[in-house]
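query.cif, holding mmCIF, C-alpha atoms and all ligand atoms:
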data_coords
#
loop_
_atom_site.group_PDB
_atom_site.id
_atom_site.type_symbol
_atom_site.label_atom_id
_atom_site.label_comp_id
_atom_site.auth_asym_id
_atom_site.auth_seq_id
_atom_site.Cartn_x
_atom_site.Cartn_y
_atom_site.Cartn_z
ATOM 1 C CA MET F 14 -14.138 -19.516 -7.862
ATOM 2 C CA GLY F 15 -12.997 -18.528 -4.371
ATOM 3 C CA ALA F 16 -11.477 -15.157 -3.542
ATOM 4 C CA VAL F 17 -7.700 -14.791 -3.489
ATOM 5 C CA THR F 18 -6.867 -12.364 -0.693
ATOM 6 C CA ARG F 19 -3.656 -11.224 0.907
ATOM 7 C CA PHE F 20 -2.219 -9.777 4.064
ATOM 8 C CA ALA F 21 0.603 -7.360 3.248
ATOM 9 C CA PRO F 22 2.366 -6.090 6.358
ATOM 10 C CA SER F 23 5.567 -4.042 6.427
ATOM 11 C CA PRO F 24 8.148 -5.545 8.800
ATOM 12 C CA THR F 25 8.930 -2.321 10.646
ATOM 13 C CA GLY F 26 7.790 -3.580 14.051
ATOM 14 C CA ARG F 27 5.891 -6.418 15.718
ATOM 15 C CA LEU F 28 2.311 -7.012 14.579
ATOM 16 C CA HIS F 29 -0.336 -5.438 16.786
ATOM 17 C CA LEU F 30 -4.029 -5.997 17.206
ATOM 18 C CA GLY F 31 -4.859 -3.895 14.138
ATOM 19 C CA HIS F 32 -2.679 -6.125 11.970
ATOM 20 C CA ALA F 33 -4.234 -9.235 13.452
ATOM 21 C CA PHE F 34 -7.661 -7.882 12.510
ATOM 22 C CA ALA F 35 -6.486 -7.132 8.941
ATOM 23 C CA ALA F 36 -4.978 -10.617 8.593
ATOM 24 C CA TRP F 37 -8.066 -12.282 10.078
ATOM 25 C CA THR F 38 -10.341 -10.320 7.699
ATOM 26 C CA ALA F 39 -8.319 -11.407 4.666
ATOM 27 C CA TYR F 40 -8.120 -14.991 5.940
ATOM 28 C CA ARG F 41 -11.865 -15.271 6.538
ATOM 29 C CA THR F 42 -12.757 -13.652 3.219
ATOM 30 C CA ALA F 43 -10.634 -16.256 1.456
ATOM 31 C CA LYS F 44 -11.701 -19.275 3.475
ATOM 32 C CA GLU F 45 -15.439 -18.500 3.472
ATOM 33 C CA SER F 46 -15.366 -18.509 -0.327
ATOM 34 C CA GLY F 47 -13.101 -21.530 -0.665
ATOM 35 C CA GLY F 48 -10.291 -19.303 -1.933
ATOM 36 C CA LYS F 49 -6.701 -18.607 -0.960
ATOM 37 C CA PHE F 50 -5.068 -16.419 1.658
ATOM 38 C CA LEU F 51 -1.644 -15.122 0.569
ATOM 39 C CA LEU F 52 1.079 -13.399 2.523
ATOM 40 C CA ARG F 53 3.207 -10.570 1.163
ATOM 41 C CA ILE F 54 5.991 -8.904 3.095
ATOM 42 C CA GLU F 55 6.248 -5.239 2.052
ATOM 43 C CA ASP F 56 9.925 -4.736 2.805
ATOM 44 C CA ILE F 57 11.046 -2.261 0.142
ATOM 45 C CA ASP F 58 12.126 0.330 2.684
ATOM 46 C CA SER F 59 15.450 -1.193 3.700
ATOM 47 C CA GLY F 60 16.073 1.583 6.208
ATOM 48 C CA ARG F 61 13.006 0.740 8.307
ATOM 49 C CA CYS F 62 12.403 -2.974 7.721
ATOM 50 C CA ARG F 63 14.199 -5.598 9.811
ATOM 51 C CA PRO F 64 14.546 -9.375 9.257
ATOM 52 C CA GLU F 65 13.558 -10.170 12.860
ATOM 53 C CA PHE F 66 10.196 -8.501 12.264
ATOM 54 C CA ILE F 67 9.633 -10.782 9.258
ATOM 55 C CA ASP F 68 10.186 -13.768 11.547
ATOM 56 C CA GLY F 69 7.837 -12.101 14.031
ATOM 57 C CA ILE F 70 5.100 -11.909 11.365
ATOM 58 C CA PHE F 71 5.439 -15.635 10.608
ATOM 59 C CA GLU F 72 5.432 -16.493 14.306
ATOM 60 C CA ASP F 73 2.380 -14.375 15.155
ATOM 61 C CA LEU F 74 0.296 -15.532 12.181
ATOM 62 C CA GLU F 75 1.074 -19.156 12.938
ATOM 63 C CA TRP F 76 0.121 -18.687 16.564
ATOM 64 C CA LEU F 77 -3.136 -17.003 15.501
ATOM 65 C CA GLY F 78 -3.864 -19.976 13.246
ATOM 66 C CA LEU F 79 -3.992 -17.752 10.159
ATOM 67 C CA HIS F 80 -2.026 -20.070 7.877
ATOM 68 C CA TRP F 81 -1.178 -18.629 4.504
ATOM 69 C CA ASP F 82 -1.221 -20.497 1.208
ATOM 70 C CA GLY F 83 1.983 -20.965 -0.784
ATOM 71 C CA LYS F 84 5.239 -19.155 -0.215
ATOM 72 C CA PRO F 85 5.226 -15.616 1.193
ATOM 73 C CA ARG F 86 6.250 -13.016 -1.379
ATOM 74 C CA LEU F 87 9.026 -10.715 -0.188
ATOM 75 C CA GLN F 88 9.002 -7.464 -2.121
ATOM 76 C CA SER F 89 12.749 -7.005 -1.610
ATOM 77 C CA GLU F 90 13.260 -10.056 -3.857
ATOM 78 C CA HIS F 91 11.402 -8.440 -6.762
ATOM 79 C CA MET F 92 13.138 -5.085 -7.176
ATOM 80 C CA ALA F 93 14.196 -5.854 -10.772
ATOM 81 C CA GLU F 94 10.550 -6.480 -11.694
ATOM 82 C CA TYR F 95 9.456 -3.160 -10.203
ATOM 83 C CA ALA F 96 12.204 -1.402 -12.155
ATOM 84 C CA GLU F 97 10.796 -2.985 -15.335
ATOM 85 C CA ALA F 98 7.274 -1.931 -14.402
ATOM 86 C CA LEU F 99 8.511 1.604 -13.893
ATOM 87 C CA GLU F 100 10.326 1.520 -17.225
ATOM 88 C CA ALA F 101 7.130 0.377 -18.960
ATOM 89 C CA LEU F 102 5.324 3.417 -17.563
ATOM 90 C CA ARG F 103 8.182 5.707 -18.552
ATOM 91 C CA LYS F 104 7.959 4.399 -22.120
ATOM 92 C CA LYS F 105 4.274 5.281 -22.157
ATOM 93 C CA GLY F 106 5.318 8.891 -21.474
ATOM 94 C CA VAL F 107 3.396 9.243 -18.224
ATOM 95 C CA LEU F 108 6.389 9.793 -15.902
ATOM 96 C CA TYR F 109 8.628 12.791 -15.448
ATOM 97 C CA PRO F 110 11.720 13.399 -13.314
ATOM 98 C CA CYS F 111 11.251 15.832 -10.453
ATOM 99 C CA VAL F 112 14.154 17.452 -8.603
ATOM 100 C CA CYS F 113 12.137 19.369 -6.013
ATOM 101 C CA THR F 114 12.990 18.913 -2.370
ATOM 102 C CA ARG F 115 10.217 18.749 0.211
ATOM 103 C CA LYS F 116 11.197 22.244 1.399
ATOM 104 C CA GLU F 117 10.939 23.657 -2.120
ATOM 105 C CA ILE F 118 7.532 22.074 -2.602
ATOM 106 C CA GLU F 119 6.256 23.557 0.664
ATOM 107 C CA ALA F 120 7.629 27.000 -0.280
ATOM 108 C CA GLU F 121 5.991 26.791 -3.731
ATOM 109 C CA VAL F 122 2.655 25.768 -2.252
ATOM 110 C CA ALA F 123 2.853 28.557 0.353
ATOM 111 C CA LYS F 124 3.456 31.069 -2.460
ATOM 112 C CA MET F 125 0.265 29.896 -4.158
ATOM 113 C CA GLY F 126 -1.665 31.103 -1.133
ATOM 114 C CA HIS F 127 -4.011 28.160 -1.008
ATOM 115 C CA ALA F 128 -2.526 24.807 -0.196
ATOM 116 C CA PRO F 129 -4.283 21.876 -1.816
ATOM 117 C CA HIS F 130 -4.104 19.017 0.640
ATOM 118 C CA ALA F 131 -4.970 15.333 0.489
ATOM 119 C CA GLY F 132 -5.306 14.500 4.161
ATOM 120 C CA GLU F 133 -1.966 15.508 5.606
ATOM 121 C CA THR F 134 -0.157 15.411 2.302
ATOM 122 C CA VAL F 135 0.550 18.589 0.384
ATOM 123 C CA ILE F 136 -0.351 18.144 -3.254
ATOM 124 C CA TYR F 137 2.644 18.661 -5.528
ATOM 125 C CA PRO F 138 2.128 21.846 -7.561
ATOM 126 C CA GLY F 139 3.693 20.354 -10.704
ATOM 127 C CA THR F 140 6.841 22.504 -10.688
ATOM 128 C CA CYS F 141 8.952 20.034 -12.727
ATOM 129 C CA ARG F 142 6.158 18.882 -15.048
ATOM 130 C CA GLY F 143 6.936 19.860 -18.630
ATOM 131 C CA LYS F 144 10.535 20.851 -17.804
ATOM 132 C CA ASN F 145 11.981 17.893 -19.680
ATOM 133 C CA ILE F 146 14.697 17.303 -17.122
ATOM 134 C CA ASP F 147 17.295 14.820 -18.326
ATOM 135 C CA PRO F 148 17.467 12.202 -15.534
ATOM 136 C CA ASP F 149 21.121 11.485 -16.336
ATOM 137 C CA SER F 150 22.088 15.089 -15.734
ATOM 138 C CA VAL F 151 20.793 15.326 -12.168
ATOM 139 C CA LYS F 152 22.006 13.641 -9.020
ATOM 140 C CA ASN F 153 18.800 13.085 -7.121
ATOM 141 C CA PHE F 154 15.339 12.987 -8.544
ATOM 142 C CA SER F 155 11.986 11.242 -8.237
ATOM 143 C CA TRP F 156 9.832 9.788 -10.973
ATOM 144 C CA ARG F 157 6.397 11.356 -10.726
ATOM 145 C CA LEU F 158 3.263 10.157 -12.458
ATOM 146 C CA ASP F 159 1.767 12.833 -14.698
ATOM 147 C CA ILE F 160 -1.833 12.316 -13.656
ATOM 148 C CA GLU F 161 -3.321 14.337 -16.487
ATOM 149 C CA LYS F 162 -1.402 12.428 -19.150
ATOM 150 C CA ALA F 163 -2.064 9.098 -17.455
ATOM 151 C CA SER F 164 -5.796 9.814 -17.196
ATOM 152 C CA ALA F 165 -5.870 10.854 -20.839
ATOM 153 C CA LEU F 166 -4.141 7.623 -21.772
ATOM 154 C CA ALA F 167 -6.710 5.639 -19.776
ATOM 155 C CA GLY F 168 -9.232 7.504 -21.920
ATOM 156 C CA LYS F 169 -12.346 6.793 -19.857
ATOM 157 C CA ASP F 170 -13.734 7.049 -16.361
ATOM 158 C CA LEU F 171 -12.469 4.256 -14.148
ATOM 159 C CA PHE F 172 -14.370 2.584 -11.330
ATOM 160 C CA PHE F 173 -13.705 0.170 -8.515
ATOM 161 C CA THR F 174 -16.030 -1.692 -6.197
ATOM 162 C CA ASP F 175 -15.736 -1.594 -2.432
ATOM 163 C CA LYS F 176 -17.670 -4.217 -0.496
ATOM 164 C CA PHE F 177 -18.927 -1.614 1.976
ATOM 165 C CA LYS F 178 -19.270 1.505 -0.174
ATOM 166 C CA GLY F 179 -20.308 0.065 -3.524
ATOM 167 C CA ARG F 180 -19.166 1.242 -6.936
ATOM 168 C CA ILE F 181 -16.810 4.202 -6.746
ATOM 169 C CA LYS F 182 -15.566 6.429 -9.522
ATOM 170 C CA ALA F 183 -11.788 6.705 -9.213
ATOM 171 C CA ARG F 184 -10.470 10.213 -8.615
ATOM 172 C CA HIS F 185 -6.977 9.977 -10.015
ATOM 173 C CA ASP F 186 -5.960 13.450 -8.983
ATOM 174 C CA ILE F 187 -6.557 12.729 -5.305
ATOM 175 C CA PHE F 188 -2.845 13.037 -4.435
ATOM 176 C CA GLY F 189 -1.716 15.061 -7.469
ATOM 177 C CA ASP F 190 1.334 13.832 -9.417
ATOM 178 C CA ILE F 191 2.505 11.161 -6.989
ATOM 179 C CA VAL F 192 6.052 9.876 -6.675
ATOM 180 C CA LEU F 193 6.384 6.344 -8.048
ATOM 181 C CA ALA F 194 10.120 5.967 -7.493
ATOM 182 C CA ARG F 195 13.106 7.772 -6.075
ATOM 183 C CA LYS F 196 16.556 7.537 -7.545
ATOM 184 C CA ASP F 197 18.111 6.834 -4.158
ATOM 185 C CA ALA F 198 15.406 4.783 -2.435
ATOM 186 C CA GLY F 199 13.752 2.748 -5.187
ATOM 187 C CA VAL F 200 10.074 2.257 -5.809
ATOM 188 C CA SER F 201 6.952 3.353 -3.989
ATOM 189 C CA TYR F 202 4.228 1.489 -2.135
ATOM 190 C CA HIS F 203 1.663 2.319 -4.851
ATOM 191 C CA LEU F 204 3.615 0.763 -7.688
ATOM 192 C CA CYS F 205 4.642 -2.390 -5.816
ATOM 193 C CA SER F 206 1.214 -2.944 -4.307
ATOM 194 C CA VAL F 207 -0.589 -2.819 -7.647
ATOM 195 C CA TRP F 208 2.079 -4.867 -9.376
ATOM 196 C CA ASP F 209 2.122 -7.578 -6.730
ATOM 197 C CA ASP F 210 -1.648 -7.858 -6.387
ATOM 198 C CA TRP F 211 -1.650 -8.514 -10.117
ATOM 199 C CA LYS F 212 1.305 -10.935 -10.135
ATOM 200 C CA GLN F 213 0.007 -12.824 -7.094
ATOM 201 C CA GLY F 214 -3.426 -13.164 -8.687
ATOM 202 C CA VAL F 215 -5.200 -11.330 -5.871
ATOM 203 C CA THR F 216 -8.893 -10.944 -6.685
ATOM 204 C CA PHE F 217 -10.099 -9.389 -3.432
ATOM 205 C CA VAL F 218 -8.022 -6.749 -1.648
ATOM 206 C CA THR F 219 -8.884 -6.337 2.025
ATOM 207 C CA ARG F 220 -7.111 -3.508 3.804
ATOM 208 C CA GLY F 221 -7.747 -0.737 6.296
ATOM 209 C CA GLU F 222 -9.919 2.196 5.387
ATOM 210 C CA ASP F 223 -6.907 4.476 5.961
ATOM 211 C CA LEU F 224 -5.754 3.229 2.549
ATOM 212 C CA PHE F 225 -9.036 3.963 0.783
ATOM 213 C CA ASP F 226 -7.658 7.051 -0.993
ATOM 214 C CA SER F 227 -4.747 5.043 -2.374
ATOM 215 C CA THR F 228 -7.190 2.831 -4.242
ATOM 216 C CA HIS F 229 -8.137 5.772 -6.490
ATOM 217 C CA ILE F 230 -4.581 5.891 -7.738
ATOM 218 C CA HIS F 231 -4.150 2.120 -7.808
ATOM 219 C CA ARG F 232 -7.092 1.884 -10.172
ATOM 220 C CA LEU F 233 -5.289 4.170 -12.625
ATOM 221 C CA LEU F 234 -2.068 2.167 -12.355
ATOM 222 C CA GLN F 235 -4.003 -1.045 -13.061
ATOM 223 C CA GLU F 236 -5.325 0.526 -16.237
ATOM 224 C CA LEU F 237 -1.844 1.615 -17.326
ATOM 225 C CA PHE F 238 -0.438 -1.870 -16.680
ATOM 226 C CA GLY F 239 -3.413 -3.614 -18.270
ATOM 227 C CA ALA F 240 -3.918 -5.458 -14.978
ATOM 228 C CA PRO F 241 -7.237 -6.938 -13.831
ATOM 229 C CA VAL F 242 -9.186 -4.991 -11.203
ATOM 230 C CA PRO F 243 -9.706 -6.742 -7.879
ATOM 231 C CA THR F 244 -12.703 -6.095 -5.652
ATOM 232 C CA TYR F 245 -11.925 -4.137 -2.491
ATOM 233 C CA GLY F 246 -12.997 -4.372 1.120
ATOM 234 C CA HIS F 247 -11.624 -1.412 3.089
ATOM 235 C CA HIS F 248 -12.283 -2.447 6.653
ATOM 236 C CA ARG F 249 -12.608 -0.444 9.857
ATOM 237 C CA LEU F 250 -9.529 0.250 11.940
ATOM 238 C CA ILE F 251 -8.988 -0.997 15.463
ATOM 239 C CA SER F 252 -8.557 1.784 18.028
ATOM 240 C CA ASP F 253 -6.991 1.853 21.472
ATOM 241 C CA GLU F 254 -8.998 2.518 24.639
ATOM 242 C CA ASN F 255 -8.813 6.286 23.933
ATOM 243 C CA GLY F 256 -10.308 5.873 20.493
ATOM 244 C CA ARG F 257 -6.990 6.473 18.773
ATOM 245 C CA ARG F 258 -5.891 4.328 15.894
ATOM 246 C CA LEU F 259 -3.350 1.673 16.841
ATOM 247 C CA ALA F 260 0.152 2.203 15.566
ATOM 248 C CA LYS F 261 3.489 0.486 15.920
ATOM 249 C CA ARG F 262 4.220 2.654 18.958
ATOM 250 C CA ASN F 263 1.426 0.886 20.897
ATOM 251 C CA ALA F 264 3.865 -1.709 22.167
ATOM 252 C CA SER F 265 1.427 -3.009 24.785
ATOM 253 C CA VAL F 266 -0.933 -4.427 22.189
ATOM 254 C CA THR F 267 1.522 -6.316 20.035
ATOM 255 C CA ILE F 268 0.410 -9.876 19.539
ATOM 256 C CA LYS F 269 3.634 -11.015 21.191
ATOM 257 C CA ALA F 270 2.974 -8.898 24.304
ATOM 258 C CA LEU F 271 -0.627 -10.102 24.565
ATOM 259 C CA ARG F 272 0.478 -13.709 24.143
ATOM 260 C CA GLU F 273 3.132 -13.287 26.831
ATOM 261 C CA LYS F 274 0.501 -11.813 29.133
ATOM 262 C CA GLY F 275 -1.273 -15.165 28.867
ATOM 263 C CA LEU F 276 -4.068 -14.309 26.427
ATOM 264 C CA ASN F 277 -5.121 -17.063 24.052
ATOM 265 C CA VAL F 278 -6.206 -16.766 20.442
ATOM 266 C CA GLU F 279 -9.942 -16.586 21.268
ATOM 267 C CA ASP F 280 -9.225 -13.683 23.640
ATOM 268 C CA ILE F 281 -7.470 -11.837 20.812
ATOM 269 C CA PHE F 282 -10.339 -12.381 18.354
ATOM 270 C CA LYS F 283 -12.789 -11.125 20.984
ATOM 271 C CA MET F 284 -10.891 -7.831 21.129
ATOM 272 C CA PHE F 285 -11.774 -6.919 17.510
HETATM 273 N N1 LIG F 301 1.935 -2.593 3.824
HETATM 274 C C1 LIG F 301 0.763 -1.856 4.154
HETATM 275 C C2 LIG F 301 0.668 -1.670 5.653
HETATM 276 O O1 LIG F 301 1.320 -2.388 6.402
HETATM 277 C C3 LIG F 301 -0.506 -2.526 3.661
HETATM 278 C C4 LIG F 301 -0.724 -2.256 2.256
HETATM 279 C C5 LIG F 301 -1.985 -2.839 1.625
HETATM 280 O O2 LIG F 301 -2.690 -3.648 2.261
HETATM 281 O O3 LIG F 301 -2.205 -2.506 0.470
HETATM 282 O O4 LIG F 301 -0.048 -0.795 6.083
#

Translate this structure into structure tokens?
Amino acid sequence: MGAVTRFAPSPTGRLHLGHAFAAWTAYRTAKESGGKFLLRIEDIDSGRCRPEFIDGIFEDLEWLGLHWDGKPRLQSEHMAEYAEALEALRKKGVLYPCVCTRKEIEAEVAKMGHAPHAGETVIYPGTCRGKNIDPDSVKNFSWRLDIEKASALAGKDLFFTDKFKGRIKARHDIFGDIVLARKDAGVSYHLCSVWDDWKQGVTFVTRGEDLFDSTHIHRLLQELFGAPVPTYGHHRLISDENGRRLAKRNASVTIKALREKGLNVEDIFKMF
């Protein structure tokens, strides 16, 4: 059976060369195996996502000839499902409400003298864990995943396979007790990504190696949901001429800008 892959951009700007490479990687992986290439629009952050960027994604992919199979899945249309997924985890007893502000977390970590970091992220010191905060009694809170409880519930070591790195043992504690939802702003990337890969029947996740660490936590969420485990291919990132990773601020390398400069699709693919 062919691989089912997906391209899952967030519509917070126009697609750039890095996105085109990610989409092309997913497309080729699917097509070379006789599988399917799906499109998912990760638009849960209503403050940053804009409808015109969704249209821009469709336009750029079509121009690149990376035609997706079926209807694109818009995450904003599935919020009720994510709420149910969150509720299922809460019922398993692996979530707890946290009322800490970012400032309080930083102060707490500073007090500890040594700051555990995952990349640039400060690891939450677990201040609200075990406090049994009643979510109805507080105005703002986040649902955090109790990694120790969740790992205990999984009850065994978990593994995932990356096409480039081989079989990897998942380190669930890589980010500490992560936030899965916020009362004010809804659900997190981690929860929606795992849920949707499952619901869309994705069997091969291709994405940038900047998201490699997230896979450790996704593997645990899959176990908690009872979801199948896709294979992963964390691919290299495209850099600019100074060796820096491309970001949305690199307006000059959006696919639209390159197209308007007169480049054709072959020129774009040669830039990877
Ligand atoms: N929405 C993410 C991004 O644009 C991609 C997430 C993923 O591929 O899992 O970086």

Just so the selection is clear, what residues does the PyMOL selection byres (((chain F and resi 118) around 10) and not hetatm) cover here, as a compact mmCIF listing (two decimals) with C-alpha atoms, in the coordinates of the input?
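Saved the output as selection29.txt:
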# COMPACT_ATOMS: atom_id res chain seq x y z
CA CYS F 113 12.14 19.37 -6.01
CA THR F 114 12.99 18.91 -2.37
CA ARG F 115 10.22 18.75 0.21
CA LYS F 116 11.20 22.24 1.40
CA GLU F 117 10.94 23.66 -2.12
CA GLU F 119 6.26 23.56 0.66
CA ALA F 120 7.63 27.00 -0.28
CA GLU F 121 5.99 26.79 -3.73
CA VAL F 122 2.66 25.77 -2.25
CA ALA F 123 2.85 28.56 0.35
CA LYS F 124 3.46 31.07 -2.46
CA VAL F 135 0.55 18.59 0.38
CA ILE F 136 -0.35 18.14 -3.25
CA TYR F 137 2.64 18.66 -5.53
CA PRO F 138 2.13 21.85 -7.56
CA GLY F 139 3.69 20.35 -10.70
CA THR F 140 6.84 22.50 -10.69

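Picked by the PyMOL selection byres (((chain F and resi 52) around 6) and not hetatm) from the coordinates shown: Arg19, Phe20, Leu51, Arg53 and Pro85 of chain F.
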
Give the residues close to ligand LIG 301 (chain F), within 10 Å, counting all atoms listed in the file; write them as a ChimeraX atom specification. /F:19-25,28,31-32,35-36,39,53-57,202-203,205-207,209-210,218-225,227-228,231,247,260

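Residues lying within 10 Å of Arg272 in chain F, counting only C-alpha atoms and ignoring same-chain neighbours fewer than 6 positions away, are Asp73, Trp76, Leu77, Val266, Val278, Asp280 and Ile281 of chain F.
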
Counting all atoms listed in the file, the residue among F:Gly48, F:Gly168, F:Gly275, F:Pro241 that lies closest to Trp81 in chain F is F:Gly48

Residues within 8 Å of (1.8, 7.3, -9.4), file coords, all atoms listed in the file, listed as a PyMOL selection string: chain F and resi 157-160+190-193+203-204+230+234

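Among the candidates F:Pro64, F:Gly246, F:Gly179, F:Gly83, the residue lying nearest to Phe217 in chain F is F:Gly246 (atoms considered: all atoms listed in the file).
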
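Between CA of Glu94 in chain F and CA of Ala167 in chain F the interatomic distance comes to 22.6 Å.
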
Min atom-atom distance to Lys152 in chain F from the set F:Glu75, F:Pro110, F:His229, F:Phe66, counting all atoms listed in the file, belongs to F:Pro110

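Between Val242 in chain F and the candidates F:Ile70, F:Val215, F:Ser164, F:Cys62, the tightest atom-to-atom separation, counting only C-alpha atoms, involves F:Val215.
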
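Nearest-residue note for Lys104 in chain F: choosing from F:Tyr245, F:Phe154, F:Phe238, F:Phe34, the minimum distance belongs to F:Phe238, counting all atoms listed in the file.
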
From the list F:Asn277, F:Asp226, F:Ala165, F:Thr18, which residue is nearest Ser46 in chain F when using all atoms listed in the file? F:Thr18

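Take CA of Met284 in chain F and CA of Leu271 in chain F: the distance between them is 11.1 Å.
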
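Look at Lys196 in chain F: the protein and nucleic acid residues within 7 Å of it, using all atoms listed in the file and passing over chain neighbours fewer than 3 places away, are Asn153, Phe154, Ser155 and Gly199 of chain F.
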
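If you look at CA of Glu254 in chain F and CA of Lys283 in chain F, they are 14.6 Å away from each other.
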
Using the block above, I'd like range 203-237 of chain F written out, keeping C-alpha atoms and formatting it as a PDB file, in the first residue's frame.
ATOM      1  CA  HIS F 203       0.744  18.894  19.442  1.00  0.00           C
ATOM      2  CA  LEU F 204      -2.775  17.704  20.133  1.00  0.00           C
ATOM      3  CA  CYS F 205      -4.237  18.734  16.770  1.00  0.00           C
ATOM      4  CA  SER F 206      -1.307  17.405  14.776  1.00  0.00           C
ATOM      5  CA  VAL F 207      -1.469  13.935  16.312  1.00  0.00           C
ATOM      6  CA  TRP F 208      -5.246  13.838  16.151  1.00  0.00           C
ATOM      7  CA  ASP F 209      -5.410  14.905  12.520  1.00  0.00           C
ATOM      8  CA  ASP F 210      -2.630  12.620  11.309  1.00  0.00           C
ATOM      9  CA  TRP F 211      -4.684   9.810  12.803  1.00  0.00           C
ATOM     10  CA  LYS F 212      -8.065  10.984  11.471  1.00  0.00           C
ATOM     11  CA  GLN F 213      -6.652  11.707   8.009  1.00  0.00           C
ATOM     12  CA  GLY F 214      -5.047   8.266   7.873  1.00  0.00           C
ATOM     13  CA  VAL F 215      -1.528   9.639   7.457  1.00  0.00           C
ATOM     14  CA  THR F 216       0.992   6.793   7.433  1.00  0.00           C
ATOM     15  CA  PHE F 217       4.158   8.757   6.672  1.00  0.00           C
ATOM     16  CA  VAL F 218       4.783  12.144   8.287  1.00  0.00           C
ATOM     17  CA  THR F 219       7.319  14.281   6.443  1.00  0.00           C
ATOM     18  CA  ARG F 220       8.259  17.525   8.150  1.00  0.00           C
ATOM     19  CA  GLY F 221      11.263  19.689   8.912  1.00  0.00           C
ATOM     20  CA  GLU F 222      13.899  18.527  11.329  1.00  0.00           C
ATOM     21  CA  ASP F 223      13.100  21.563  13.506  1.00  0.00           C
ATOM     22  CA  LEU F 224      10.054  19.546  14.591  1.00  0.00           C
ATOM     23  CA  PHE F 225      12.006  16.404  15.453  1.00  0.00           C
ATOM     24  CA  ASP F 226      11.719  16.978  19.219  1.00  0.00           C
ATOM     25  CA  SER F 227       7.946  17.294  18.954  1.00  0.00           C
ATOM     26  CA  THR F 228       7.763  13.740  17.656  1.00  0.00           C
ATOM     27  CA  HIS F 229       8.887  12.435  21.066  1.00  0.00           C
ATOM     28  CA  ILE F 230       5.766  13.899  22.593  1.00  0.00           C
ATOM     29  CA  HIS F 231       3.532  12.998  19.658  1.00  0.00           C
ATOM     30  CA  ARG F 232       4.475   9.366  20.130  1.00  0.00           C
ATOM     31  CA  LEU F 233       3.162   9.502  23.701  1.00  0.00           C
ATOM     32  CA  LEU F 234      -0.072  11.176  22.608  1.00  0.00           C
ATOM     33  CA  GLN F 235      -0.588   8.464  19.973  1.00  0.00           C
ATOM     34  CA  GLU F 236      -0.305   5.856  22.696  1.00  0.00           C
ATOM     35  CA  LEU F 237      -2.812   7.674  24.908  1.00  0.00           C
TER      36      LEU F 237
END
